[in-house]
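Chemist: Provided herewith: query-v6.txt, compact mmCIF, C-alpha atoms and all ligand atoms.
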```txt
# COMPACT_ATOMS: atom_id res chain seq x y z
CA MET N 10 107.51 105.10 125.79
CA ILE N 11 106.10 108.10 123.93
CA LEU N 12 108.71 110.85 124.14
CA LEU N 13 106.91 113.94 123.00
CA ARG N 14 103.65 115.04 121.57
CA LYS N 15 103.45 117.99 119.24
CA ALA N 16 99.81 118.51 118.64
CA ASP N 17 96.77 120.60 119.05
CA SER N 18 94.79 117.94 117.22
CA MET N 19 95.12 114.15 117.23
CA ALA N 20 98.58 113.06 116.14
CA LYS N 21 98.73 111.89 112.53
CA VAL N 22 102.31 110.68 112.35
CA LEU N 23 104.14 108.30 114.63
CA VAL N 24 107.90 108.80 114.50
CA VAL N 25 109.92 105.91 115.93
CA MET N 26 113.69 106.19 116.41
CA GLY N 27 115.98 103.24 117.07
CA SER N 28 117.86 105.31 119.63
CA ASP N 29 117.85 108.76 121.15
CA SER N 30 121.16 109.20 119.31
CA ASP N 31 119.06 109.51 116.12
CA PHE N 32 117.46 112.72 117.41
CA PRO N 33 119.92 115.21 115.83
CA VAL N 34 119.04 113.80 112.40
CA MET N 35 115.32 113.51 113.14
CA GLU N 36 115.00 117.04 114.46
CA LYS N 37 114.62 118.14 110.82
CA CYS N 38 111.67 115.77 110.48
CA PHE N 39 109.96 117.14 113.58
CA LYS N 40 110.53 120.71 112.43
CA MET N 41 109.13 120.00 108.97
CA LEU N 42 106.02 118.28 110.34
CA ALA N 43 105.50 121.23 112.67
CA ALA N 44 105.96 123.68 109.77
CA PHE N 45 103.12 121.96 107.92
CA GLY N 46 100.99 121.90 111.06
CA VAL N 47 100.93 118.10 111.13
CA SER N 48 100.84 116.68 114.63
CA TYR N 49 103.04 113.81 115.64
CA ASP N 50 104.13 111.59 118.49
CA ALA N 51 107.65 110.28 118.81
CA ALA N 52 109.08 107.26 120.57
CA VAL N 53 112.34 105.39 120.97
CA ALA N 54 112.05 101.67 120.28
CA SER N 55 114.65 99.34 118.84
CA ALA N 56 114.15 96.41 116.47
CA HIS N 57 116.98 94.63 118.26
CA ARG N 58 117.03 95.91 121.84
CA THR N 59 113.24 96.15 122.38
CA PRO N 60 111.70 94.10 119.55
CA GLU N 61 108.40 93.48 121.37
CA ARG N 62 107.92 97.19 122.03
CA ALA N 63 108.65 98.04 118.40
CA ALA N 64 106.10 95.48 117.19
CA GLU N 65 103.54 96.68 119.72
CA LEU N 66 103.90 100.32 118.62
CA ALA N 67 103.22 99.29 115.02
CA ARG N 68 100.30 97.00 115.92
CA GLU N 69 98.62 99.71 117.98
CA ALA N 70 99.31 102.58 115.55
CA GLU N 71 96.19 102.23 113.39
CA GLY N 72 93.89 102.01 116.41
CA LYS N 73 95.49 105.14 117.83
CA GLY N 74 94.58 107.06 114.68
CA TYR N 75 97.99 107.51 113.07
CA ASP N 76 98.03 107.75 109.27
CA VAL N 77 101.73 107.19 108.66
CA ILE N 78 104.74 105.84 110.57
CA ILE N 79 108.24 107.23 110.11
CA ALA N 80 111.06 105.00 111.33
CA ALA N 81 114.66 106.16 111.74
CA ALA N 82 117.56 103.85 112.47
CA GLY N 83 121.22 103.45 111.75
CA LEU N 84 123.64 100.51 111.37
CA ALA N 85 121.78 97.20 110.74
CA ALA N 86 118.59 99.23 110.45
CA HIS N 87 115.73 96.75 110.72
CA LEU N 88 113.35 99.05 112.56
CA ALA N 89 111.31 100.30 109.59
CA GLY N 90 110.93 96.76 108.27
CA VAL N 91 109.85 95.37 111.63
CA LEU N 92 107.28 98.14 112.01
CA ALA N 93 106.04 97.58 108.45
CA SER N 94 105.62 93.88 109.13
CA ASN N 95 103.25 94.69 111.99
CA THR N 96 100.90 97.22 110.35
CA VAL N 97 99.18 98.07 107.09
CA LEU N 98 99.89 101.77 107.61
CA PRO N 99 102.53 103.16 105.25
CA VAL N 100 106.00 103.16 106.79
CA ILE N 101 108.69 105.61 105.70
CA GLY N 102 112.23 104.60 106.60
CA VAL N 103 115.05 107.04 107.32
CA PRO N 104 118.44 105.31 107.19
CA CYS N 105 120.75 107.19 109.55
CA LYS N 106 124.43 107.87 108.97
CA GLY N 107 126.96 106.38 111.37
CA GLY N 108 129.25 103.44 112.06
CA ALA N 109 132.00 102.06 109.85
CA LEU N 110 129.80 102.05 106.74
CA ASN N 111 128.48 105.58 107.26
CA GLY N 112 124.82 104.84 106.63
CA VAL N 113 125.13 102.64 103.55
CA ASP N 114 124.42 99.62 105.76
CA ALA N 115 121.30 101.33 107.12
CA LEU N 116 120.20 102.32 103.61
CA TYR N 117 120.44 98.76 102.30
CA ALA N 118 118.81 97.29 105.40
CA THR N 119 115.90 99.72 105.12
CA VAL N 120 115.34 99.70 101.37
CA GLN N 121 115.83 96.03 100.52
CA MET N 122 112.50 94.76 101.80
CA PRO N 123 110.98 91.49 100.60
CA THR N 124 107.84 91.56 98.46
CA GLY N 125 104.77 92.14 100.56
CA ILE N 126 106.33 94.39 103.20
CA PRO N 127 107.32 97.66 101.51
CA VAL N 128 109.13 100.49 103.24
CA ALA N 129 109.23 103.86 101.48
CA THR N 130 112.88 104.66 102.00
CA VAL N 131 114.30 108.19 101.82
CA ALA N 132 117.96 109.15 101.49
CA ILE N 133 120.54 108.59 104.22
CA ASP N 134 119.65 111.17 106.89
CA GLY N 135 116.70 112.26 104.71
CA ALA N 136 114.62 113.27 107.71
CA ALA N 137 113.02 116.35 106.16
CA ASN N 138 111.97 114.40 103.07
CA ALA N 139 110.42 111.73 105.28
CA ALA N 140 108.25 114.42 106.85
CA ILE N 141 107.32 115.89 103.46
CA LEU N 142 106.43 112.46 102.09
CA ALA N 143 104.29 111.75 105.15
CA CYS N 144 102.52 115.09 104.61
CA GLN N 145 101.93 114.21 100.95
CA MET N 146 100.36 110.90 102.00
CA ILE N 147 98.08 112.61 104.50
CA ALA N 148 97.27 115.32 101.94
CA ILE N 149 95.59 112.74 99.68
CA ARG N 150 92.46 113.45 101.71
CA ASP N 151 93.34 116.82 103.25
CA GLY N 152 92.92 119.73 100.83
CA GLU N 153 94.28 122.32 103.26
CA LEU N 154 97.52 120.39 103.68
CA ARG N 155 97.70 119.83 99.92
CA ALA N 156 97.53 123.61 99.40
CA LYS N 157 100.36 124.11 101.93
CA LEU N 158 102.47 121.55 100.07
CA ALA N 159 101.77 123.30 96.75
CA ASP N 160 102.86 126.63 98.30
CA TYR N 161 106.02 124.97 99.63
CA LYS N 162 106.92 123.62 96.18
CA GLU N 163 106.32 127.08 94.68
CA GLU N 164 108.70 128.55 97.28
CA LEU N 165 111.29 125.97 96.26
CA LYS N 166 110.92 127.07 92.63
CA SER N 167 111.29 130.73 93.60
CA SER N 168 114.45 129.97 95.58
CA VAL N 169 115.98 128.20 92.55
CA ASP N 170 114.98 131.13 90.31
CA ALA N 171 116.68 133.51 92.77
CA LYS N 172 119.83 131.35 92.75
CA ASN N 173 119.83 131.34 88.96
CA ALA N 174 119.44 135.13 88.85
CA ALA N 175 122.37 135.47 91.29
CA LEU N 176 124.48 133.15 89.11
CA GLN N 177 123.71 135.18 85.97
CA GLU N 178 124.81 138.32 87.78
CA LYS N 179 128.04 136.66 88.97
CA ILE N 180 129.06 135.37 85.53
CA ALA N 181 128.16 138.66 83.85
CA ASN N 182 130.74 140.33 86.09
CA ILE N 183 133.59 137.87 85.43
C1 LIG N 201 120.54 101.94 115.75
O1 LIG N 201 121.84 101.94 116.18
C2 LIG N 201 120.00 103.27 116.20
O2 LIG N 201 118.92 103.65 115.39
C3 LIG N 201 121.17 104.18 116.06
O3 LIG N 201 121.19 104.83 114.79
C4 LIG N 201 122.36 103.25 116.16
C5 LIG N 201 123.21 103.48 117.38
O4 LIG N 201 122.41 103.42 118.54
P1 LIG N 201 123.03 103.81 119.96
O5 LIG N 201 124.12 102.84 120.24
O6 LIG N 201 123.54 105.23 119.83
O7 LIG N 201 121.89 103.71 120.93
O8 LIG N 201 119.80 100.90 116.26
```
Rewrite the coordinates I just gave you, this time as structure tokens.
Ligand code: RP5

Modeler:
Amino acid sequence: MILLRKADSMAKVLVVMGSDSDFPVMEKCFKMLAAFGVSYDAAVASAHRTPERAAELAREAEGKGYDVIIAAAGLAAHLAGVLASNTVLPVIGVPCKGGALNGVDALYATVQMPTGIPVATVAIDGAANAAILACQMIAIRDGELRAKLADYKEELKSSVDAKNAALQEKIANI
């Protein structure tokens, strides 16, 4: 089931979450994609509870025109790997915090893929970085998006420069 569509053009990114309980983490991903003007669809599908649906989403993704899939899951997080095993599109995995192991289980399950089926894994709860990485992949052949990413990185530099200036001021007054 496709949950939401955020697009004025054809969606480029398919975001799949293992559960709706992953939404609070993934909201940062949706916001970042929207900030870069990259359209997306999102769906809930589970590698364990709805394995056929998860596989189907991945198999159909290329035909539907998606460039990248982002998969978020917690606990024994096999979703990104299952999606990756059913498509040649790049899959970015977001291991989500939660459970007794607080996301370390999800990190290992997502990152430790066997040769042949890579998943580009971001940090635990690294939803914003997943969106940025997806944008960088799409920007390989989208100059406008590449320019937006360059501006974003410049803004990051400026914010660090401002923090450094504030620090210098603080220590000068000690
Ligand atoms: C994972 O199990 C989901 O991705 C979620 O992070 C976690 C808990 O799911 P719920 O029990 O909240 O549906 O498959």

Chemist: Skipping near chain neighbours, those fewer than 2 positions away, what residues fall within 7 Å of Val77 (chain N) using all atoms listed in the file, listed as a PyMOL selection string?

Modeler: chain N and resi 21-23+75+79+98-100+143

Chemist: I'd like the neighbourhood of Thr119 (chain N) as a PyMOL selection string, where a residue qualifies if any of its atoms comes within 12 Å (using only C-alpha atoms), though same-chain residues fewer than 3 positions away should be ignored.

Modeler: chain N and resi 56+79-93+100-105+112-116+122-123+126-133

Chemist: Have a look at CA of Ala54 (chain N) and CA of Thr96 (chain N) and let me know their distance in Å, one decimal.

Modeler: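 Rounded to one decimal, the two atoms are 15.6 Å apart.
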
Chemist: Just to confirm, what's the straight-line distance from CA of Ala136 (chain N) to CA of Thr124 (chain N) in Å (one decimal)?

Modeler: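 These two atoms are separated by 24.6 Å.
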
Chemist: Between CA of Ser55 (chain N) and CA of Met26 (chain N), measure the distance and give it in Å to one decimal.

Modeler: 7.3 Å

Chemist: Let me have the centre and edge lengths in Å, one decimal, of the box along x, y and z around every listed atom of ligand LIG 201 (chain N) with 8 Å of margin on each side, as AutoDock Vina command-line options.

Modeler:
```
--center_x 121.5 --center_y 103.1 --center_z 117.9 --size_x 21.2 --size_y 20.3 --size_z 22.1
```

Chemist: Could you tell me which of N:Ala43, N:Gly27, N:Ala52, N:Ser94 comes closest to Arg68 (chain N) if we count only C-alpha atoms?

Modeler: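 Smallest separation from Arg68 (chain N) among the options: N:Ser94.
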
Chemist: Taking 5 positions as the minimum chain separation for residues in the same chain, which residues sit within 10 Å of Lys157 (chain N) when counting all atoms listed in the file? Answer as an MDAnalysis selection string.

Modeler: chainID N and resid 44:46 144 148 152 162:163

Chemist: Take the residues that were just selected and, keeping C-alpha atoms, output them as a compact mmCIF listing (two decimals), in the coordinates of the input.

Modeler:
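Written output follows (part_13.txt):
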```txt
# COMPACT_ATOMS: atom_id res chain seq x y z
CA ALA N 44 105.96 123.68 109.77
CA PHE N 45 103.12 121.96 107.92
CA GLY N 46 100.99 121.90 111.06
CA CYS N 144 102.52 115.09 104.61
CA ALA N 148 97.27 115.32 101.94
CA GLY N 152 92.92 119.73 100.83
CA LYS N 162 106.92 123.62 96.18
CA GLU N 163 106.32 127.08 94.68
```

Chemist: With distances taken over all atoms listed in the file, which residue among N:Glu178, N:Asp50, N:Glu69, N:Asp134 lies nearest ligand LIG 201 (chain N)?

Modeler: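 Smallest distance to ligand LIG 201 (chain N) is found for N:Asp134.
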
Chemist: Just checking: using all atoms listed in the file, which residue out of N:Arg62, N:Lys40, N:Arg155, N:Lys106 ends up closest to ligand LIG 201 (chain N)?

Modeler: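 The answer is N:Lys106, which sits nearest to ligand LIG 201 (chain N).
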
Chemist: Which of these residues is nearest to ligand LIG 201 (chain N), using only C-alpha atoms and all ligand atoms: N:Val25, N:Leu176, N:Leu165, N:Ala159?

Modeler: N:Val25

Chemist: Name the closest residue to ligand LIG 201 (chain N) among the candidates N:Val34, N:Leu42, N:Ala156, N:Ile183; distances are taken between atoms, counting all atoms listed in the file.

Modeler: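 Residue with the minimum atom-to-atom distance to ligand LIG 201 (chain N): N:Val34.
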